[in-house]
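The data block below is coords.csv; it holds CSV, C-alpha atoms and all ligand atoms.
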chain,number,residue,atom,x,y,z
R,19,MET,CA,0.0,0.0,0.0
R,20,LEU,CA,1.6,3.3,-1.1
R,21,SER,CA,1.7,6.3,1.2
R,22,LEU,CA,-0.4,9.3,0.2
R,23,ARG,CA,2.9,11.1,-0.7
R,24,LEU,CA,4.0,8.4,-3.1
R,25,LYS,CA,0.4,7.9,-4.4
R,26,THR,CA,0.3,11.7,-5.2
R,27,ILE,CA,3.6,11.5,-7.0
R,28,GLU,CA,2.3,8.5,-8.9
R,29,SER,CA,-0.8,10.4,-10.0
R,30,MET,CA,1.4,13.2,-11.4
R,31,VAL,CA,3.3,10.9,-13.8
R,32,ASP,CA,1.9,11.1,-17.3
R,33,PRO,CA,0.8,7.7,-18.8
R,34,GLY,CA,3.3,6.1,-21.2
R,35,LYS,CA,6.4,7.9,-19.9
R,36,VAL,CA,9.7,6.2,-19.4
R,37,VAL,CA,10.3,6.9,-15.7
R,38,ALA,CA,13.6,7.1,-13.8
R,39,ASP,CA,13.0,7.0,-10.0
R,40,ILE,CA,16.2,8.4,-8.5
R,41,GLY,CA,16.7,7.3,-4.9
R,42,THR,CA,14.1,4.6,-5.3
R,43,ASP,CA,14.8,2.8,-2.0
R,44,HIS,CA,12.3,-0.1,-1.9
R,45,ALA,CA,11.1,0.6,-5.5
R,46,LEU,CA,7.6,1.1,-4.2
R,47,LEU,CA,6.8,3.8,-6.8
R,48,PRO,CA,8.2,1.9,-9.9
R,49,VAL,CA,6.2,-1.2,-8.9
R,50,GLU,CA,3.0,0.8,-8.5
R,51,LEU,CA,3.5,2.6,-11.8
R,52,VAL,CA,3.9,-0.6,-13.8
R,53,LYS,CA,1.3,-2.7,-11.9
R,54,SER,CA,-1.3,0.0,-12.4
R,55,GLY,CA,-0.5,-0.2,-16.2
R,56,LYS,CA,0.3,3.5,-16.3
R,57,VAL,CA,3.8,3.0,-17.6
R,58,ASP,CA,5.8,0.1,-19.1
R,59,LYS,CA,9.3,1.0,-18.4
R,60,VAL,CA,11.0,2.3,-15.2
R,61,TYR,CA,14.6,2.7,-14.1
R,62,ALA,CA,14.8,2.2,-10.3
R,63,VAL,CA,18.0,3.9,-9.2
R,64,ASP,CA,19.7,4.0,-5.9
R,65,ASN,CA,23.3,4.7,-5.0
R,66,LYS,CA,23.5,2.5,-1.9
R,67,SER,CA,23.7,-1.3,-2.0
R,68,GLY,CA,21.1,-1.8,0.8
R,69,PRO,CA,18.3,0.0,-0.9
R,70,TYR,CA,19.4,-1.3,-4.3
R,71,LEU,CA,19.1,-4.9,-3.1
R,72,ARG,CA,15.8,-4.2,-1.4
R,73,ALA,CA,14.5,-2.7,-4.7
R,74,MET,CA,15.7,-5.8,-6.7
R,75,GLN,CA,14.0,-8.1,-4.3
R,76,TYR,CA,10.7,-6.3,-4.3
R,77,ILE,CA,10.7,-5.9,-8.1
R,78,LYS,CA,11.3,-9.7,-8.4
R,79,GLU,CA,8.6,-10.5,-5.7
R,80,GLN,CA,6.1,-8.5,-7.6
R,81,GLY,CA,7.1,-10.1,-11.0
R,82,CYS,CA,8.0,-6.7,-12.6
R,83,GLN,CA,11.6,-7.6,-13.8
R,84,ASP,CA,10.6,-7.3,-17.4
R,85,LYS,CA,9.5,-3.6,-16.9
R,86,ILE,CA,11.7,-2.3,-14.2
R,87,THR,CA,15.5,-2.1,-14.3
R,88,ALA,CA,17.2,-1.7,-10.9
R,89,ILE,CA,20.4,0.3,-11.2
R,90,LEU,CA,23.1,0.8,-8.5
R,91,ALA,CA,24.5,4.3,-9.4
R,92,ASP,CA,24.8,7.9,-8.4
R,93,GLY,CA,21.8,10.0,-9.4
R,94,LEU,CA,21.3,10.4,-13.2
R,95,THR,CA,24.7,9.2,-14.2
R,96,ALA,CA,23.7,5.7,-15.4
R,97,VAL,CA,20.1,6.5,-16.6
R,98,SER,CA,19.6,5.9,-20.2
R,99,ASP,CA,18.5,8.7,-22.6
R,100,ASP,CA,15.1,7.3,-23.1
R,101,ALA,CA,13.9,8.2,-19.6
R,102,ASP,CA,11.7,11.2,-20.2
R,103,CYS,CA,10.3,11.6,-16.6
R,104,TRP,CA,12.7,11.8,-13.7
R,105,VAL,CA,11.3,11.4,-10.2
R,106,ILE,CA,13.4,12.6,-7.3
R,107,ALA,CA,11.6,12.3,-4.0
R,108,GLY,CA,12.1,11.9,-0.2
R,109,MET,CA,15.4,13.7,0.1
R,110,GLY,CA,16.7,17.2,1.1
R,111,TYR,CA,17.2,20.1,-1.3
R,112,ASP,CA,21.0,19.7,-1.4
R,113,THR,CA,20.9,16.1,-2.5
R,114,ALA,CA,18.2,16.7,-5.1
R,115,ALA,CA,20.0,19.8,-6.5
R,116,LEU,CA,23.3,17.9,-6.7
R,117,ILE,CA,21.6,15.1,-8.7
R,118,LEU,CA,19.9,17.6,-11.0
R,119,SER,CA,23.3,19.3,-11.6
R,120,GLN,CA,24.9,16.1,-12.8
R,121,PRO,CA,26.0,16.4,-16.5
R,122,THR,CA,23.5,14.5,-18.5
R,123,SER,CA,22.0,14.9,-22.0
R,124,ILE,CA,18.7,16.6,-21.5
R,125,ARG,CA,16.1,17.5,-24.1
R,126,GLN,CA,13.4,20.1,-24.1
R,127,GLY,CA,10.2,18.7,-22.7
R,128,GLN,CA,12.0,16.4,-20.2
R,129,GLN,CA,9.7,16.0,-17.2
R,130,LEU,CA,10.7,16.1,-13.6
R,131,ILE,CA,8.7,15.4,-10.5
R,132,VAL,CA,10.5,16.5,-7.4
R,133,GLN,CA,9.6,16.4,-3.7
R,134,VAL,CA,12.1,17.6,-1.2
R,135,ASN,CA,11.7,17.1,2.5
R,136,HIS,CA,13.5,20.4,3.2
R,137,GLY,CA,14.2,23.5,1.1
R,138,VAL,CA,11.2,23.6,-1.2
R,139,GLU,CA,11.6,27.4,-1.8
R,140,ARG,CA,15.2,26.8,-2.8
R,141,MET,CA,14.1,24.0,-5.1
R,142,ARG,CA,11.7,26.3,-6.9
R,143,ARG,CA,14.5,28.9,-7.3
R,144,TYR,CA,16.8,26.2,-8.6
R,145,LEU,CA,14.3,25.0,-11.2
R,146,CYS,CA,13.6,28.5,-12.4
R,147,ASP,CA,17.3,29.3,-12.7
R,148,HIS,CA,18.0,26.1,-14.6
R,149,GLY,CA,15.4,26.1,-17.3
R,150,TRP,CA,12.7,24.1,-15.6
R,151,GLN,CA,9.1,25.5,-15.9
R,152,ILE,CA,6.8,24.5,-13.1
R,153,THR,CA,3.8,22.9,-14.6
R,154,ASP,CA,2.0,21.4,-11.6
R,155,GLU,CA,2.2,21.4,-7.8
R,156,ARG,CA,0.5,19.5,-5.0
R,157,ILE,CA,0.5,19.8,-1.3
R,158,ILE,CA,-0.6,17.0,1.0
R,159,PHE,CA,-0.6,16.2,4.7
R,160,GLU,CA,0.6,12.9,6.0
R,161,ALA,CA,2.1,13.4,9.4
R,162,HIS,CA,4.0,16.2,7.7
R,163,TYR,CA,3.2,18.6,5.0
R,164,TYR,CA,4.7,17.7,1.6
R,165,GLN,CA,4.9,19.9,-1.5
R,166,ILE,CA,5.4,18.1,-4.8
R,167,ILE,CA,6.5,19.9,-7.9
R,168,LYS,CA,6.2,18.9,-11.5
R,169,ALA,CA,8.4,20.7,-14.1
R,170,ALA,CA,9.4,20.5,-17.7
R,171,LYS,CA,12.7,21.5,-19.2
R,172,MET,CA,12.1,24.5,-21.5
R,173,LYS,CA,14.2,26.7,-23.8
R,174,SER,CA,13.0,29.7,-22.0
R,175,VAL,CA,11.2,29.8,-18.6
R,176,ILE,CA,8.7,32.4,-17.3
R,177,ARG,CA,10.5,34.1,-14.4
R,178,LEU,CA,8.9,33.4,-11.0
R,179,LYS,CA,8.0,36.3,-8.7
R,180,ASN,CA,9.2,36.1,-5.1
R,181,GLU,CA,5.7,35.1,-4.0
R,182,ASP,CA,5.8,32.2,-6.5
R,183,ILE,CA,9.1,31.0,-5.1
R,184,SER,CA,7.9,31.2,-1.5
R,185,PHE,CA,4.4,29.8,-1.9
R,186,GLY,CA,4.4,28.0,-5.3
R,187,PRO,CA,3.0,29.6,-8.5
R,188,ILE,CA,0.2,27.1,-8.8
R,189,LEU,CA,-0.4,26.3,-5.1
R,190,ARG,CA,-0.8,30.0,-4.2
R,191,ASN,CA,-3.4,30.5,-6.9
R,192,GLU,CA,-5.4,27.4,-6.0
R,193,LYS,CA,-5.3,27.9,-2.2
R,194,SER,CA,-6.5,24.4,-1.4
R,195,PRO,CA,-7.7,23.8,2.2
R,196,ILE,CA,-4.5,21.9,3.0
R,197,PHE,CA,-2.4,24.8,1.6
R,198,VAL,CA,-4.3,27.3,3.7
R,199,GLN,CA,-4.0,25.1,6.8
R,200,TYR,CA,-0.2,24.8,6.2
R,201,TRP,CA,0.4,28.5,5.9
R,202,GLU,CA,-1.8,29.4,8.8
R,203,SER,CA,0.2,27.0,11.0
R,204,GLU,CA,3.5,28.4,9.7
R,205,ALA,CA,2.3,32.0,10.5
R,206,GLU,CA,1.2,30.9,14.0
R,207,LYS,CA,4.6,29.2,14.5
R,208,LEU,CA,6.4,32.4,13.5
R,209,GLN,CA,4.1,34.5,15.7
R,210,ARG,CA,5.0,32.4,18.7
R,211,ILE,CA,8.7,33.1,18.1
R,212,VAL,CA,8.1,36.8,17.6
R,213,GLU,CA,6.3,37.0,20.9
R,214,ARG,CA,9.4,35.7,22.7
R,215,LEU,CA,11.6,38.3,21.1
R,216,ASP,CA,12.1,42.0,21.7
R,217,ARG,CA,10.0,43.9,19.1
R,218,LYS,CA,13.0,46.0,18.2
R,219,ASN,CA,15.1,42.9,17.6
R,220,LYS,CA,16.1,42.7,13.9
R,221,ARG,CA,15.1,39.0,13.8
R,222,ALA,CA,11.6,39.8,15.2
R,223,GLN,CA,11.1,42.5,12.5
R,224,GLU,CA,12.1,40.0,9.8
R,225,LEU,CA,9.8,37.4,11.1
R,226,GLN,CA,7.0,40.0,11.3
R,227,LYS,CA,7.6,40.7,7.6
R,228,GLN,CA,7.3,37.1,6.8
R,229,ILE,CA,4.0,36.8,8.8
R,230,SER,CA,2.6,39.8,6.9
R,231,SER,CA,3.5,38.3,3.5
R,232,ILE,CA,1.8,35.0,4.5
R,233,VAL,CA,-1.3,36.9,5.7
R,234,ASN,CA,-1.3,39.0,2.5
R,235,MET,CA,-1.0,36.0,0.3
R,236,LEU,CA,-3.8,34.1,2.1
R,237,ASN,CA,-6.1,37.2,1.9
R,238,GLY,CA,-5.0,38.0,-1.7
U,1,LIG,C1,14.5,8.5,2.0
U,1,LIG,S1,14.7,7.6,0.6
U,1,LIG,C2,13.4,8.0,-0.4
U,1,LIG,C3,12.8,6.9,-1.1
U,1,LIG,C4,11.7,7.2,-2.1
U,1,LIG,N1,12.2,8.0,-3.2
U,1,LIG,C5,10.6,7.9,-1.4
U,1,LIG,O1,10.3,9.1,-1.8
U,1,LIG,O2,9.9,7.4,-0.5
U,1,LIG,C6,16.1,8.3,-0.2
U,1,LIG,C7,16.9,7.4,-1.1
U,1,LIG,O3,17.7,8.1,-1.9
U,1,LIG,C8,18.9,7.4,-2.1
U,1,LIG,N2,19.9,8.4,-2.6
U,1,LIG,C9,20.4,9.4,-1.9
U,1,LIG,N3,21.3,10.1,-2.8
U,1,LIG,C10,21.3,9.5,-3.9
U,1,LIG,C11,22.0,9.6,-5.2
U,1,LIG,N4,22.8,10.6,-5.3
U,1,LIG,N5,21.7,8.8,-6.2
U,1,LIG,C12,20.8,7.8,-6.0
U,1,LIG,N6,20.1,7.5,-4.9
U,1,LIG,C13,20.4,8.4,-3.9
U,1,LIG,C14,19.2,6.9,-0.7
U,1,LIG,O4,20.1,5.8,-0.8
U,1,LIG,C15,17.8,6.4,-0.3
U,1,LIG,O5,17.5,5.1,-0.6
Represent the structure contained in this file as structure tokens.
Amino acid sequence: MLSLRLKTIESMVDPGKVVADIGTDHALLPVELVKSGKVDKVYAVDNKSGPYLRAMQYIKEQGCQDKITAILADGLTAVSDDADCWVIAGMGYDTAALILSQPTSIRQGQQLIVQVNHGVERMRRYLCDHGWQITDERIIFEAHYYQIIKAAKMKSVIRLKNEDISFGPILRNEKSPIFVQYWESEAEKLQRIVERLDRKNKRAQELQKQISSIVNMLNG
């Protein structure tokens, strides 16, 4: 049974894509993708032998060896050119950005689905600065809030405004109930910190600015 986070990622993959799941761990996502009939070819990549062996075992148990290739390698380095949808999920910003920075032949229209556990704003900035246009975004709650970004490699990218980087260009327009709940809880968290600081304190003023921008966005 897939977690809501992985189920949401699965739902964002376009049918018929050749998927490369980078940092696959147990290969839960690749198996779900092929068993549901959504895609016929997946590369399940991990750079550590424990997860790689777990992935191999699960793929075999589920009888998916003909459609899923397990690869022990760093990031994108061993992924073949036919992969047209990369998934990078369940890691921090630094690891995900390092993987995306690896030299690889990349064509226009290449898709990416990325979910970072920390640093989602930095991820949006990275994507925007490196020719990735954000095409879809989701936010879910499953013990934690997770934001999932889908992007496509483009010749030229529409620049994101600061509000887009902070809140997500699609999420901030949709303002789903989970999104509103998340940002209300963030504003409350910041407010509790501000209350413990001297109002003249520079940090308190910065936090107050952040709270105002959250409130303005939610009311906008
Ligand atoms: C926390 S797990 C996430 C598993 C799955 N993607 C998910 O979202 O549930 C992160 C996995 O990424 C792998 N990983 C970290 N850096 C990697 C890299 N540079 N290349 C390939 N795999 C990597 C780790 O070995 C680990 O199995």
Taking all atoms listed in the file into account, which residues have an atom no farther than 6 Å from ligand LIG 1 (chain U)? I'd like them as a PDB file with C-alpha atoms, keeping the file's coordinate frame.
ATOM      1  CA  ILE R  40      16.200   8.400  -8.500  1.00  0.00           C
ATOM      2  CA  GLY R  41      16.700   7.300  -4.900  1.00  0.00           C
ATOM      3  CA  THR R  42      14.100   4.600  -5.300  1.00  0.00           C
ATOM      4  CA  ASP R  43      14.800   2.800  -2.000  1.00  0.00           C
ATOM      5  CA  VAL R  63      18.000   3.900  -9.200  1.00  0.00           C
ATOM      6  CA  ASP R  64      19.700   4.000  -5.900  1.00  0.00           C
ATOM      7  CA  ASN R  65      23.300   4.700  -5.000  1.00  0.00           C
ATOM      8  CA  LYS R  66      23.500   2.500  -1.900  1.00  0.00           C
ATOM      9  CA  PRO R  69      18.300   0.000  -0.900  1.00  0.00           C
ATOM     10  CA  ASP R  92      24.800   7.900  -8.400  1.00  0.00           C
ATOM     11  CA  GLY R  93      21.800  10.000  -9.400  1.00  0.00           C
ATOM     12  CA  ALA R 107      11.600  12.300  -4.000  1.00  0.00           C
ATOM     13  CA  GLY R 108      12.100  11.900  -0.200  1.00  0.00           C
ATOM     14  CA  MET R 109      15.400  13.700   0.100  1.00  0.00           C
ATOM     15  CA  ILE R 117      21.600  15.100  -8.700  1.00  0.00           C
TER      16      ILE R 117
END
Name the closest residue to Glu206 (chain R) among the candidates R:Val233, R:Met172, R:Leu189, R:Ile158; distances are taken between atoms, counting only C-alpha atoms.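 Going through R:Val233, R:Met172, R:Leu189, R:Ile158 one by one, the smallest distance to Glu206 (chain R) is for R:Val233.
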Neighbour list for Ala205 (chain R) as a list of chain:residue names, cut-off 6 Å, all atoms listed in the file, skip fewer than 3 positions in-chain: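 My list of contacting residues is R:Glu202, R:Leu208, R:Ile229.
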Would you list the contacts of region 96-102 of chain R as a list in words, taking every protein, DNA or RNA residue within 9 Å and counting all atoms listed in the file, but skipping same-chain residues closer than 3 positions in sequence? Lys35, Val36, Val37, Ala38, Lys59, Val60, Tyr61, Val63, Ile89, Leu90, Ala91, Asp92, Gly93, Thr122, Ser123, Ile124, Arg125, Gly127, Gln128, Gln129 and Leu130 of chain R
For each of R:Val105, R:Met19, R:Val198, R:Leu225, take the minimum atom-to-atom distance to Asn237 (chain R), counting only C-alpha atoms, then give the residue where this is smallest.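 Checking each candidate against Asn237 (chain R), we get R:Val198 as the closest.
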Nearest candidate to Val31 (chain R) (options R:Ala169, R:Trp201, R:Arg143, R:Tyr163; using all atoms listed in the file):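 Nearest candidate to Val31 (chain R) out of R:Ala169, R:Trp201, R:Arg143, R:Tyr163: R:Ala169.
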Using all atoms listed in the file, find the one residue out of R:Ala73, R:Leu47, R:Leu94, R:Cys103 that sits nearest to Gly34 (chain R). R:Cys103
